[in-house]
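Raw data13.cif, mmCIF, C-alpha atoms and all ligand atoms:
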data_start
#
loop_
_atom_site.group_PDB
_atom_site.id
_atom_site.type_symbol
_atom_site.label_atom_id
_atom_site.label_comp_id
_atom_site.auth_asym_id
_atom_site.auth_seq_id
_atom_site.Cartn_x
_atom_site.Cartn_y
_atom_site.Cartn_z
ATOM 1 C CA MET A 1 177.343 -88.674 -147.556
ATOM 2 C CA PRO A 2 174.703 -85.939 -148.175
ATOM 3 C CA GLU A 3 175.377 -83.313 -150.853
ATOM 4 C CA LYS A 4 177.537 -80.408 -149.619
ATOM 5 C CA LYS A 5 175.636 -77.143 -149.097
ATOM 6 C CA THR A 6 176.983 -73.655 -148.437
ATOM 7 C CA TYR A 7 175.524 -71.158 -145.969
ATOM 8 C CA ALA A 8 176.715 -67.719 -144.827
ATOM 9 C CA ILE A 9 176.165 -64.753 -142.574
ATOM 10 C CA ILE A 10 175.985 -61.377 -144.297
ATOM 11 C CA GLY A 11 176.395 -58.022 -142.558
ATOM 12 C CA ASN A 12 178.738 -55.115 -142.005
ATOM 13 C CA PRO A 13 180.769 -55.578 -139.908
ATOM 14 C CA VAL A 14 180.728 -59.388 -139.491
ATOM 15 C CA LYS A 15 184.343 -59.841 -138.388
ATOM 16 C CA HIS A 16 183.398 -60.605 -134.782
ATOM 17 C CA SER A 17 180.292 -62.692 -135.516
ATOM 18 C CA LEU A 18 180.178 -65.970 -133.594
ATOM 19 C CA SER A 19 177.737 -67.557 -136.083
ATOM 20 C CA PRO A 20 180.442 -69.282 -138.228
ATOM 21 C CA GLN A 21 181.816 -71.034 -135.105
ATOM 22 C CA ILE A 22 178.343 -72.127 -133.996
ATOM 23 C CA HIS A 23 177.072 -73.370 -137.382
ATOM 24 C CA SER A 24 180.328 -75.110 -138.336
ATOM 25 C CA TYR A 25 180.229 -76.882 -134.969
ATOM 26 C CA ILE A 26 176.617 -77.982 -135.645
ATOM 27 C CA TYR A 27 177.628 -79.489 -139.041
ATOM 28 C CA LYS A 28 180.509 -81.315 -137.354
ATOM 29 C CA GLN A 29 178.189 -82.682 -134.640
ATOM 30 C CA LEU A 30 175.629 -83.837 -137.216
ATOM 31 C CA GLY A 31 178.299 -85.317 -139.516
ATOM 32 C CA LEU A 32 177.290 -83.020 -142.398
ATOM 33 C CA PRO A 33 179.737 -81.774 -145.087
ATOM 34 C CA HIS A 34 178.187 -78.268 -145.238
ATOM 35 C CA SER A 35 180.158 -75.044 -144.815
ATOM 36 C CA TYR A 36 179.253 -71.634 -143.350
ATOM 37 C CA LYS A 37 180.995 -68.427 -144.450
ATOM 38 C CA LYS A 38 181.280 -64.891 -143.106
ATOM 39 C CA ILE A 39 180.564 -62.280 -145.814
ATOM 40 C CA GLN A 40 181.009 -58.545 -145.252
ATOM 41 C CA LEU A 41 178.943 -56.551 -147.763
ATOM 42 C CA SER A 42 178.320 -52.916 -148.584
ATOM 43 C CA THR A 43 174.710 -51.938 -149.434
ATOM 44 C CA VAL A 44 175.670 -51.910 -153.151
ATOM 45 C CA GLN A 45 177.062 -55.452 -152.898
ATOM 46 C CA LEU A 46 173.860 -56.745 -151.330
ATOM 47 C CA LYS A 47 172.118 -57.023 -154.723
ATOM 48 C CA LYS A 48 175.078 -58.924 -156.222
ATOM 49 C CA PHE A 49 175.018 -61.319 -153.284
ATOM 50 C CA ILE A 50 171.314 -62.034 -153.870
ATOM 51 C CA ILE A 51 172.030 -62.840 -157.548
ATOM 52 C CA ARG A 52 174.856 -65.190 -156.502
ATOM 53 C CA CYS A 53 172.597 -66.816 -153.951
ATOM 54 C CA LYS A 54 169.817 -67.410 -156.492
ATOM 55 C CA LYS A 55 172.356 -69.031 -158.838
ATOM 56 C CA ASN A 56 172.523 -71.577 -156.015
ATOM 57 C CA ASP A 57 175.898 -70.548 -154.615
ATOM 58 C CA PHE A 58 174.225 -70.424 -151.176
ATOM 59 C CA GLN A 59 171.362 -72.593 -149.938
ATOM 60 C CA GLY A 60 170.615 -70.216 -147.087
ATOM 61 C CA PHE A 61 172.053 -67.338 -145.094
ATOM 62 C CA ASN A 62 171.785 -65.386 -141.870
ATOM 63 C CA VAL A 63 171.459 -61.621 -141.852
ATOM 64 C CA THR A 64 172.911 -59.288 -139.251
ATOM 65 C CA ILE A 65 173.399 -55.538 -138.692
ATOM 66 C CA PRO A 66 172.685 -53.402 -140.748
ATOM 67 C CA TYR A 67 170.670 -55.547 -143.211
ATOM 68 C CA LYS A 68 167.909 -57.220 -141.171
ATOM 69 C CA VAL A 69 165.388 -54.710 -142.532
ATOM 70 C CA LYS A 70 167.114 -53.768 -145.822
ATOM 71 C CA ILE A 71 167.115 -57.393 -147.014
ATOM 72 C CA ILE A 72 163.297 -57.596 -147.127
ATOM 73 C CA PRO A 73 162.722 -56.051 -150.603
ATOM 74 C CA PHE A 74 165.132 -58.651 -152.076
ATOM 75 C CA LEU A 75 163.171 -61.637 -150.751
ATOM 76 C CA ASP A 76 160.346 -63.519 -152.485
ATOM 77 C CA LYS A 77 158.446 -64.639 -149.380
ATOM 78 C CA ILE A 78 158.412 -63.536 -145.744
ATOM 79 C CA GLU A 79 157.177 -65.693 -142.874
ATOM 80 C CA GLU A 80 154.430 -64.072 -140.740
ATOM 81 C CA GLN A 81 156.475 -63.396 -137.569
ATOM 82 C CA ALA A 82 159.308 -61.779 -139.573
ATOM 83 C CA ALA A 83 156.814 -59.668 -141.530
ATOM 84 C CA PHE A 84 155.198 -58.444 -138.310
ATOM 85 C CA ILE A 85 158.531 -57.477 -136.772
ATOM 86 C CA GLY A 86 159.787 -56.109 -140.098
ATOM 87 C CA ALA A 87 163.179 -57.812 -139.741
ATOM 88 C CA VAL A 88 164.674 -61.009 -141.165
ATOM 89 C CA ASN A 89 167.690 -62.833 -139.753
ATOM 90 C CA THR A 90 167.408 -66.172 -141.613
ATOM 91 C CA VAL A 91 166.807 -66.844 -145.315
ATOM 92 C CA ILE A 92 166.330 -70.178 -147.085
ATOM 93 C CA ASN A 93 166.935 -70.560 -150.819
ATOM 94 C CA GLU A 94 164.284 -72.931 -152.188
ATOM 95 C CA ASN A 95 165.155 -73.392 -155.884
ATOM 96 C CA SER A 96 165.946 -69.670 -156.271
ATOM 97 C CA VAL A 97 162.919 -68.589 -154.228
ATOM 98 C CA LEU A 98 164.220 -66.736 -151.157
ATOM 99 C CA ARG A 99 162.104 -67.044 -148.016
ATOM 100 C CA GLY A 100 162.811 -64.930 -144.913
ATOM 101 C CA PHE A 101 162.309 -65.792 -141.216
ATOM 102 C CA ASN A 102 163.053 -64.226 -137.847
ATOM 103 C CA THR A 103 164.547 -66.784 -135.466
ATOM 104 C CA ASP A 104 165.472 -64.130 -132.848
ATOM 105 C CA VAL A 105 161.936 -64.474 -131.438
ATOM 106 C CA THR A 106 162.363 -68.261 -131.079
ATOM 107 C CA GLY A 107 165.759 -67.672 -129.454
ATOM 108 C CA CYS A 108 164.362 -65.153 -126.999
ATOM 109 C CA THR A 109 161.331 -67.317 -126.160
ATOM 110 C CA TYR A 110 163.570 -70.310 -125.482
ATOM 111 C CA ALA A 111 165.882 -68.247 -123.253
ATOM 112 C CA LEU A 112 162.874 -67.034 -121.219
ATOM 113 C CA GLU A 113 161.293 -70.508 -121.025
ATOM 114 C CA ARG A 114 164.380 -72.177 -119.605
ATOM 115 C CA SER A 115 164.946 -69.526 -116.925
ATOM 116 C CA SER A 116 163.073 -69.339 -113.634
ATOM 117 C CA TRP A 117 161.908 -65.708 -113.844
ATOM 118 C CA GLU A 118 158.725 -64.730 -112.063
ATOM 119 C CA GLN A 119 156.441 -64.852 -115.119
ATOM 120 C CA THR A 120 153.617 -62.760 -113.672
ATOM 121 C CA GLY A 121 155.836 -59.857 -112.641
ATOM 122 C CA LYS A 122 156.860 -56.526 -114.115
ATOM 123 C CA VAL A 123 159.296 -56.458 -117.047
ATOM 124 C CA VAL A 124 161.668 -53.597 -117.909
ATOM 125 C CA ILE A 125 163.193 -53.557 -121.418
ATOM 126 C CA LEU A 126 166.147 -51.317 -122.301
ATOM 127 C CA GLY A 127 166.290 -50.226 -125.969
ATOM 128 C CA ALA A 128 163.631 -50.048 -128.685
ATOM 129 C CA GLY A 129 165.259 -51.486 -131.838
ATOM 130 C CA GLY A 130 164.808 -54.832 -133.597
ATOM 131 C CA ALA A 131 166.031 -56.817 -130.591
ATOM 132 C CA CYS A 132 163.382 -55.113 -128.417
ATOM 133 C CA GLN A 133 160.747 -56.173 -130.963
ATOM 134 C CA ALA A 134 161.984 -59.772 -130.700
ATOM 135 C CA ALA A 135 161.700 -59.500 -126.887
ATOM 136 C CA LEU A 136 158.167 -58.077 -127.079
ATOM 137 C CA ALA A 137 157.081 -60.783 -129.556
ATOM 138 C CA ALA A 138 158.547 -63.446 -127.242
ATOM 139 C CA LEU A 139 156.765 -61.913 -124.218
ATOM 140 C CA LEU A 140 153.414 -62.354 -126.021
ATOM 141 C CA ASN A 141 153.857 -66.058 -125.093
ATOM 142 C CA PHE A 142 153.983 -65.152 -121.370
ATOM 143 C CA THR A 143 151.791 -63.324 -118.848
ATOM 144 C CA PRO A 144 153.806 -60.466 -117.306
ATOM 145 C CA SER A 145 151.808 -57.890 -115.308
ATOM 146 C CA SER A 146 153.285 -54.983 -117.301
ATOM 147 C CA VAL A 147 156.172 -54.073 -119.609
ATOM 148 C CA TYR A 148 158.127 -50.806 -119.378
ATOM 149 C CA ILE A 149 160.389 -49.771 -122.287
ATOM 150 C CA ILE A 150 163.243 -47.323 -121.614
ATOM 151 C CA ASN A 151 164.920 -45.857 -124.695
ATOM 152 C CA ARG A 152 167.311 -43.010 -125.460
ATOM 153 C CA THR A 153 164.918 -41.932 -128.229
ATOM 154 C CA PRO A 154 161.485 -42.127 -126.516
ATOM 155 C CA GLU A 155 159.515 -41.857 -129.790
ATOM 156 C CA LYS A 156 160.802 -45.263 -130.930
ATOM 157 C CA ALA A 157 159.576 -46.866 -127.702
ATOM 158 C CA GLY A 158 156.198 -45.176 -128.266
ATOM 159 C CA GLU A 159 155.964 -46.666 -131.763
ATOM 160 C CA LEU A 160 156.577 -50.174 -130.399
ATOM 161 C CA LYS A 161 153.940 -49.634 -127.716
ATOM 162 C CA GLN A 162 151.413 -48.808 -130.433
ATOM 163 C CA LYS A 163 152.403 -51.770 -132.538
ATOM 164 C CA PHE A 164 152.355 -54.430 -129.799
ATOM 165 C CA SER A 165 149.537 -53.189 -127.525
ATOM 166 C CA GLU A 166 146.922 -54.624 -129.864
ATOM 167 C CA TYR A 167 148.296 -58.156 -129.387
ATOM 168 C CA ALA A 168 149.542 -58.037 -125.778
ATOM 169 C CA LYS A 169 147.547 -59.171 -122.736
ATOM 170 C CA PHE A 170 149.758 -56.865 -120.625
ATOM 171 C CA ASP A 171 150.043 -53.071 -120.521
ATOM 172 C CA ILE A 172 153.073 -51.452 -122.146
ATOM 173 C CA TYR A 173 154.399 -48.194 -120.667
ATOM 174 C CA THR A 174 156.732 -45.829 -122.524
ATOM 175 C CA GLU A 175 155.674 -42.303 -121.587
ATOM 176 C CA ASN A 176 158.063 -40.509 -119.206
ATOM 177 C CA ILE A 177 160.084 -43.711 -118.829
ATOM 178 C CA LYS A 178 163.658 -42.444 -118.676
ATOM 179 C CA PHE A 179 167.134 -43.891 -118.097
ATOM 180 C CA LYS A 180 167.651 -41.399 -115.244
ATOM 181 C CA ASN A 181 164.793 -43.102 -113.334
ATOM 182 C CA ILE A 182 166.046 -46.631 -113.955
ATOM 183 C CA GLY A 183 166.676 -47.357 -110.232
ATOM 184 C CA GLN A 184 163.063 -46.576 -109.343
ATOM 185 C CA LEU A 185 161.721 -48.601 -112.298
ATOM 186 C CA LEU A 186 163.787 -51.647 -111.454
ATOM 187 C CA ALA A 187 162.946 -51.702 -107.724
ATOM 188 C CA ASP A 188 159.786 -53.809 -108.156
ATOM 189 C CA SER A 189 160.636 -55.519 -111.443
ATOM 190 C CA ALA A 190 160.796 -59.278 -112.009
ATOM 191 C CA LEU A 191 162.734 -59.211 -115.274
ATOM 192 C CA LEU A 192 165.162 -56.766 -116.883
ATOM 193 C CA ILE A 193 166.009 -57.320 -120.564
ATOM 194 C CA ASN A 194 168.883 -55.360 -122.098
ATOM 195 C CA THR A 195 168.414 -55.097 -125.870
ATOM 196 C CA THR A 196 170.884 -52.211 -126.318
ATOM 197 C CA PRO A 197 174.505 -52.887 -127.351
ATOM 198 C CA VAL A 198 175.801 -51.239 -124.146
ATOM 199 C CA GLY A 199 178.525 -53.482 -122.658
ATOM 200 C CA MET A 200 179.375 -55.208 -125.949
ATOM 201 C CA TRP A 201 183.031 -55.792 -126.841
ATOM 202 C CA PRO A 202 185.223 -53.678 -126.919
ATOM 203 C CA TYR A 203 183.286 -51.512 -124.397
ATOM 204 C CA ILE A 204 183.136 -54.299 -121.838
ATOM 205 C CA GLN A 205 183.373 -52.000 -118.805
ATOM 206 C CA ASP A 206 180.063 -50.296 -119.707
ATOM 207 C CA SER A 207 176.690 -51.210 -118.250
ATOM 208 C CA PRO A 208 173.239 -49.727 -118.958
ATOM 209 C CA VAL A 209 172.552 -49.830 -115.183
ATOM 210 C CA PRO A 210 174.708 -47.248 -113.364
ATOM 211 C CA GLU A 211 174.751 -48.933 -109.909
ATOM 212 C CA ALA A 212 174.613 -52.652 -109.067
ATOM 213 C CA ASN A 213 172.397 -51.925 -106.047
ATOM 214 C CA MET A 214 169.617 -50.785 -108.415
ATOM 215 C CA ILE A 215 169.115 -54.444 -109.397
ATOM 216 C CA PRO A 216 166.713 -56.220 -107.017
ATOM 217 C CA ASP A 217 167.974 -59.551 -105.640
ATOM 218 C CA HIS A 218 164.711 -61.314 -106.569
ATOM 219 C CA ALA A 219 164.922 -60.251 -110.237
ATOM 220 C CA THR A 220 166.134 -62.039 -113.372
ATOM 221 C CA VAL A 221 168.432 -60.106 -115.700
ATOM 222 C CA PHE A 222 168.610 -61.087 -119.386
ATOM 223 C CA ASP A 223 171.410 -59.394 -121.324
ATOM 224 C CA MET A 224 171.089 -59.998 -125.083
ATOM 225 C CA VAL A 225 174.709 -58.896 -125.620
ATOM 226 C CA PRO A 226 176.480 -62.145 -126.646
ATOM 227 C CA ASN A 227 180.028 -60.880 -126.634
ATOM 228 C CA PRO A 228 181.275 -61.106 -123.912
ATOM 229 C CA LEU A 229 178.985 -63.734 -122.391
ATOM 230 C CA HIS A 230 179.682 -62.371 -118.910
ATOM 231 C CA THR A 231 178.887 -58.692 -119.403
ATOM 232 C CA ARG A 232 179.340 -55.981 -116.793
ATOM 233 C CA LEU A 233 175.528 -55.938 -116.352
ATOM 234 C CA LEU A 234 175.495 -59.680 -115.587
ATOM 235 C CA GLN A 235 178.424 -59.245 -113.179
ATOM 236 C CA GLN A 236 176.441 -56.538 -111.351
ATOM 237 C CA SER A 237 173.403 -58.853 -111.270
ATOM 238 C CA GLU A 238 175.452 -61.687 -109.766
ATOM 239 C CA GLN A 239 176.784 -59.314 -107.100
ATOM 240 C CA ARG A 240 173.135 -58.775 -106.141
ATOM 241 C CA ASN A 241 172.315 -62.513 -106.273
ATOM 242 C CA ALA A 242 169.838 -61.904 -109.087
ATOM 243 C CA SER A 243 169.326 -64.701 -111.658
ATOM 244 C CA THR A 244 170.925 -64.182 -115.060
ATOM 245 C CA ILE A 245 170.376 -65.141 -118.706
ATOM 246 C CA ASN A 246 173.244 -64.385 -121.083
ATOM 247 C CA GLY A 247 173.168 -63.502 -124.772
ATOM 248 C CA GLY A 248 174.850 -66.804 -125.692
ATOM 249 C CA ILE A 249 171.690 -68.723 -124.760
ATOM 250 C CA MET A 250 169.651 -66.694 -127.255
ATOM 251 C CA LEU A 251 172.408 -66.844 -129.883
ATOM 252 C CA VAL A 252 172.662 -70.647 -129.759
ATOM 253 C CA SER A 253 168.914 -71.084 -129.707
ATOM 254 C CA GLN A 254 168.317 -68.823 -132.748
ATOM 255 C CA ALA A 255 171.094 -70.695 -134.601
ATOM 256 C CA ILE A 256 169.389 -74.053 -133.911
ATOM 257 C CA ALA A 257 166.090 -72.554 -135.121
ATOM 258 C CA ALA A 258 167.842 -71.458 -138.359
ATOM 259 C CA GLN A 259 169.242 -74.966 -138.861
ATOM 260 C CA ARG A 260 165.766 -76.474 -138.390
ATOM 261 C CA ILE A 261 164.610 -74.282 -141.292
ATOM 262 C CA TRP A 262 167.607 -75.080 -143.520
ATOM 263 C CA LEU A 263 167.977 -78.784 -142.797
ATOM 264 C CA GLU A 264 164.230 -79.450 -142.484
ATOM 265 C CA GLN A 265 164.875 -82.109 -139.905
ATOM 266 C CA LYS A 266 164.472 -82.671 -136.184
ATOM 267 C CA LEU A 267 167.701 -82.006 -134.336
ATOM 268 C CA PRO A 268 168.911 -83.907 -131.251
ATOM 269 C CA GLU A 269 167.664 -82.558 -127.884
ATOM 270 C CA THR A 270 171.254 -82.611 -126.621
ATOM 271 C CA LEU A 271 172.455 -80.214 -129.334
ATOM 272 C CA PHE A 272 171.763 -77.011 -127.386
ATOM 273 C CA ASP A 273 173.906 -78.020 -124.391
ATOM 274 C CA LYS A 274 176.748 -79.232 -126.622
ATOM 275 C CA ILE A 275 176.881 -75.995 -128.640
ATOM 276 C CA TYR A 276 176.524 -73.839 -125.548
ATOM 277 C CA THR A 277 179.427 -75.614 -123.821
ATOM 278 C CA TYR A 278 181.525 -75.275 -126.987
ATOM 279 C CA LEU A 279 180.686 -71.547 -127.266
ATOM 280 C CA THR A 280 181.551 -70.909 -123.608
ATOM 281 C CA GLU A 281 184.920 -72.643 -124.011
ATOM 282 C CA TYR A 282 185.615 -70.877 -127.309
ATOM 283 C CA MET A 283 184.883 -67.460 -125.808
ATOM 284 C CA SER A 284 186.789 -68.028 -122.578
ATOM 285 C CA GLN A 285 190.024 -67.965 -124.647
ATOM 286 C CA TYR A 286 189.378 -64.278 -125.280
ATOM 287 C CA TYR A 287 188.366 -63.076 -121.853
ATOM 288 C CA GLU A 288 190.684 -64.961 -119.469
HETATM 289 P P1 LIG B 1 168.808 -53.897 -132.912
HETATM 290 O O1 LIG B 1 167.962 -53.825 -134.140
HETATM 291 O O2 LIG B 1 169.834 -54.993 -132.927
HETATM 292 O O3 LIG B 1 168.014 -53.869 -131.657
HETATM 293 P P2 LIG B 1 169.232 -51.100 -133.088
HETATM 294 O O4 LIG B 1 168.055 -50.930 -133.946
HETATM 295 O O5 LIG B 1 170.466 -50.337 -133.410
HETATM 296 O O6 LIG B 1 169.712 -52.622 -132.976
HETATM 297 O O7 LIG B 1 168.750 -50.808 -131.618
HETATM 298 C C1 LIG B 1 169.567 -50.695 -130.578
HETATM 299 C C2 LIG B 1 168.818 -49.981 -129.444
HETATM 300 O O8 LIG B 1 169.773 -49.710 -128.474
HETATM 301 C C3 LIG B 1 168.186 -48.681 -129.892
HETATM 302 O O9 LIG B 1 166.953 -48.510 -129.255
HETATM 303 C C4 LIG B 1 169.209 -47.642 -129.412
HETATM 304 O O10 LIG B 1 168.650 -46.419 -128.971
HETATM 305 P P3 LIG B 1 168.108 -45.295 -130.001
HETATM 306 O O11 LIG B 1 166.751 -45.787 -130.437
HETATM 307 O O12 LIG B 1 168.053 -44.073 -129.186
HETATM 308 O O13 LIG B 1 169.113 -45.250 -131.103
HETATM 309 C C5 LIG B 1 169.769 -48.319 -128.188
HETATM 310 N N1 LIG B 1 171.155 -47.892 -127.942
HETATM 311 C C6 LIG B 1 172.208 -47.999 -128.778
HETATM 312 N N2 LIG B 1 173.313 -47.518 -128.190
HETATM 313 C C7 LIG B 1 172.940 -47.067 -126.965
HETATM 314 C C8 LIG B 1 173.625 -46.426 -125.882
HETATM 315 N N3 LIG B 1 174.927 -46.186 -125.933
HETATM 316 N N4 LIG B 1 172.904 -46.128 -124.787
HETATM 317 C C9 LIG B 1 171.579 -46.384 -124.700
HETATM 318 N N5 LIG B 1 170.873 -46.956 -125.698
HETATM 319 C C10 LIG B 1 171.556 -47.304 -126.806
#
Rewrite the coordinates I just gave you, this time as structure tokens.
Ligand code: ATR
Amino acid sequence: MPEKKTYAIIGNPVKHSLSPQIHSYIYKQLGLPHSYKKIQLSTVQLKKFIIRCKKNDFQGFNVTIPYKVKIIPFLDKIEEQAAFIGAVNTVINENSVLRGFNTDVTGCTYALERSSWEQTGKVVILGAGGACQAALAALLNFTPSSVYIINRTPEKAGELKQKFSEYAKFDIYTENIKFKNIGQLLADSALLINTTPVGMWPYIQDSPVPEANMIPDHATVFDMVPNPLHTRLLQQSEQRNASTINGGIMLVSQAIAAQRIWLEQKLPETLFDKIYTYLTEYMSQYYE
């Protein structure tokens, strides 16, 4: 039996995080004795956690809201993608040297690769936070005709345009792109990505798109909200016969990417489908 290792997710709040279910299930599937804990921390406690981690109490951890950026000064090394985005969601402890990664980009890329969206079409992204940056970094692997970012605070969208335009083969539009014009923007779009938390539990009746008929039937709609899996936005998209990608696909895929870093081994191809089925069944208990 391999030596038991301990991993965790840190954040505030973390009560509703699905990561412990997913990672514990992975260890069970792989026959590993490792454990995965949920740790709620205040900003002051973050430093103490890092000291505990370096003493080898934890061999790695995931980071969620609000610490994906704040964790960076505590780390010894940052992988290139995470440094570019300026956010870390996975840390490995290598003999008290903490190295940070961003597996959200891998998760988003995988979700886009396995869907049948029209890859040369127009993309509309809602929101301009860290999740939008993961979406933009993932889109660098594709060839959309253009990307429009709609955000409540337009300046933030403008900053991301500046940051990504240098690397993108597509044009990014943020000026005068407003939520009130969302119907018009979506009419000829191939892909809509929601990176805002609108529709997340407990506000499950909310959607960032006011009317279902604004969603074109030929489009693909990717909602990064993982909880619930079947958000109001995805229900609207199904009403319109649009294709959908749910937040669970990205969540499972970024978790597998984290395990590849921690376990430093190839994982079975069948793992994604097994975890995804488990997650769907686990979550259906709450929304039936
Ligand atoms: P993350 O890093 O996970 O993306 P975030 O930085 O809080 O999280 O970003 C969430 C995005 O969703 C932000 O762009 C936020 O808009 P602001 O930049 O104006 O804050 C957007 N967002 C959050 N709540 C929203 C709401 N109720 N309606 C529309 N946009 C919202």
If the PyMOL selection byres (((chain A and resi 159) around 12) and not hetatm) is run on the structure shown, which residues does it catch, given as number ranges by chain?
A: 128-129, 132-133, 149, 151, 153-158, 160-165, 172-175
Would you name the residues within 10 Å of ligand LIG 1 (chain B), counting only C-alpha atoms and all ligand atoms, and put them as a PyMOL selection string?
chain A and resi 64-69+87+126-135+149-157+179+194-199+206-208+224-225
Exercise: Thr103 of chain A partners within 12 Å, all atoms listed in the file, chain neighbours under 6 positions left out, as number ranges by chain:
A: 62-64, 68, 79-82, 85, 87-91, 109-110, 131, 134-135, 137-138, 250-262
Mind dumping the selected residues with C-alpha atoms as a CSV table (one decimal), in the frame of the given file?
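Just written: part-v7.csv:
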chain,number,residue,atom,x,y,z
A,62,ASN,CA,171.8,-65.4,-141.9
A,63,VAL,CA,171.5,-61.6,-141.9
A,64,THR,CA,172.9,-59.3,-139.3
A,68,LYS,CA,167.9,-57.2,-141.2
A,79,GLU,CA,157.2,-65.7,-142.9
A,80,GLU,CA,154.4,-64.1,-140.7
A,81,GLN,CA,156.5,-63.4,-137.6
A,82,ALA,CA,159.3,-61.8,-139.6
A,85,ILE,CA,158.5,-57.5,-136.8
A,87,ALA,CA,163.2,-57.8,-139.7
A,88,VAL,CA,164.7,-61.0,-141.2
A,89,ASN,CA,167.7,-62.8,-139.8
A,90,THR,CA,167.4,-66.2,-141.6
A,91,VAL,CA,166.8,-66.8,-145.3
A,109,THR,CA,161.3,-67.3,-126.2
A,110,TYR,CA,163.6,-70.3,-125.5
A,131,ALA,CA,166.0,-56.8,-130.6
A,134,ALA,CA,162.0,-59.8,-130.7
A,135,ALA,CA,161.7,-59.5,-126.9
A,137,ALA,CA,157.1,-60.8,-129.6
A,138,ALA,CA,158.5,-63.4,-127.2
A,250,MET,CA,169.7,-66.7,-127.3
A,251,LEU,CA,172.4,-66.8,-129.9
A,252,VAL,CA,172.7,-70.6,-129.8
A,253,SER,CA,168.9,-71.1,-129.7
A,254,GLN,CA,168.3,-68.8,-132.7
A,255,ALA,CA,171.1,-70.7,-134.6
A,256,ILE,CA,169.4,-74.1,-133.9
A,257,ALA,CA,166.1,-72.6,-135.1
A,258,ALA,CA,167.8,-71.5,-138.4
A,259,GLN,CA,169.2,-75.0,-138.9
A,260,ARG,CA,165.8,-76.5,-138.4
A,261,ILE,CA,164.6,-74.3,-141.3
A,262,TRP,CA,167.6,-75.1,-143.5
The PyMOL selection byres (((chain A and resi 230) around 12) and not hetatm) resolved against shown file, as a PyMOL selection string:
chain A and resi 199-201+204-205+207+221-229+231-238+244-249+280+283-284+286-288
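Each of A:Ile9, A:Leu263, A:Leu32, A:Cys53 was compared to Ser96 of chain A using only C-alpha atoms, and A:Cys53 turns out to be the nearest.
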Please identify all polymer residues within 12 Å of Gln184 of chain A, counting all atoms listed in the file, omitting same-chain residues fewer than 4 positions from it, and present them as number ranges by chain.
A: 124, 148, 177-180, 188-189, 209, 211, 213-216
Could you list, as a PyMOL selection string, every residue matched by the PyMOL selection byres (((chain A and resi 13-24) around 7) and not hetatm) in this structure?
chain A and resi 11-12+25-28+35-40+275
Can you tell me, as AutoDock Vina command-line options, the centre and edge lengths (Å, one decimal) of the axis-aligned box enclosing all of segment 97-106 of chain A's listed atoms after padding each side by 6 Å?
--center_x 163.7 --center_y -66.4 --center_z -142.7 --size_x 15.5 --size_y 16.5 --size_z 35.1
Separation of atom CA of Gly107 of chain A from atom CA of Leu41 of chain A, in Å and rounded to one decimal:
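One can read the atom CA of Gly107 of chain A to atom CA of Leu41 of chain A distance as 25.2 Å.
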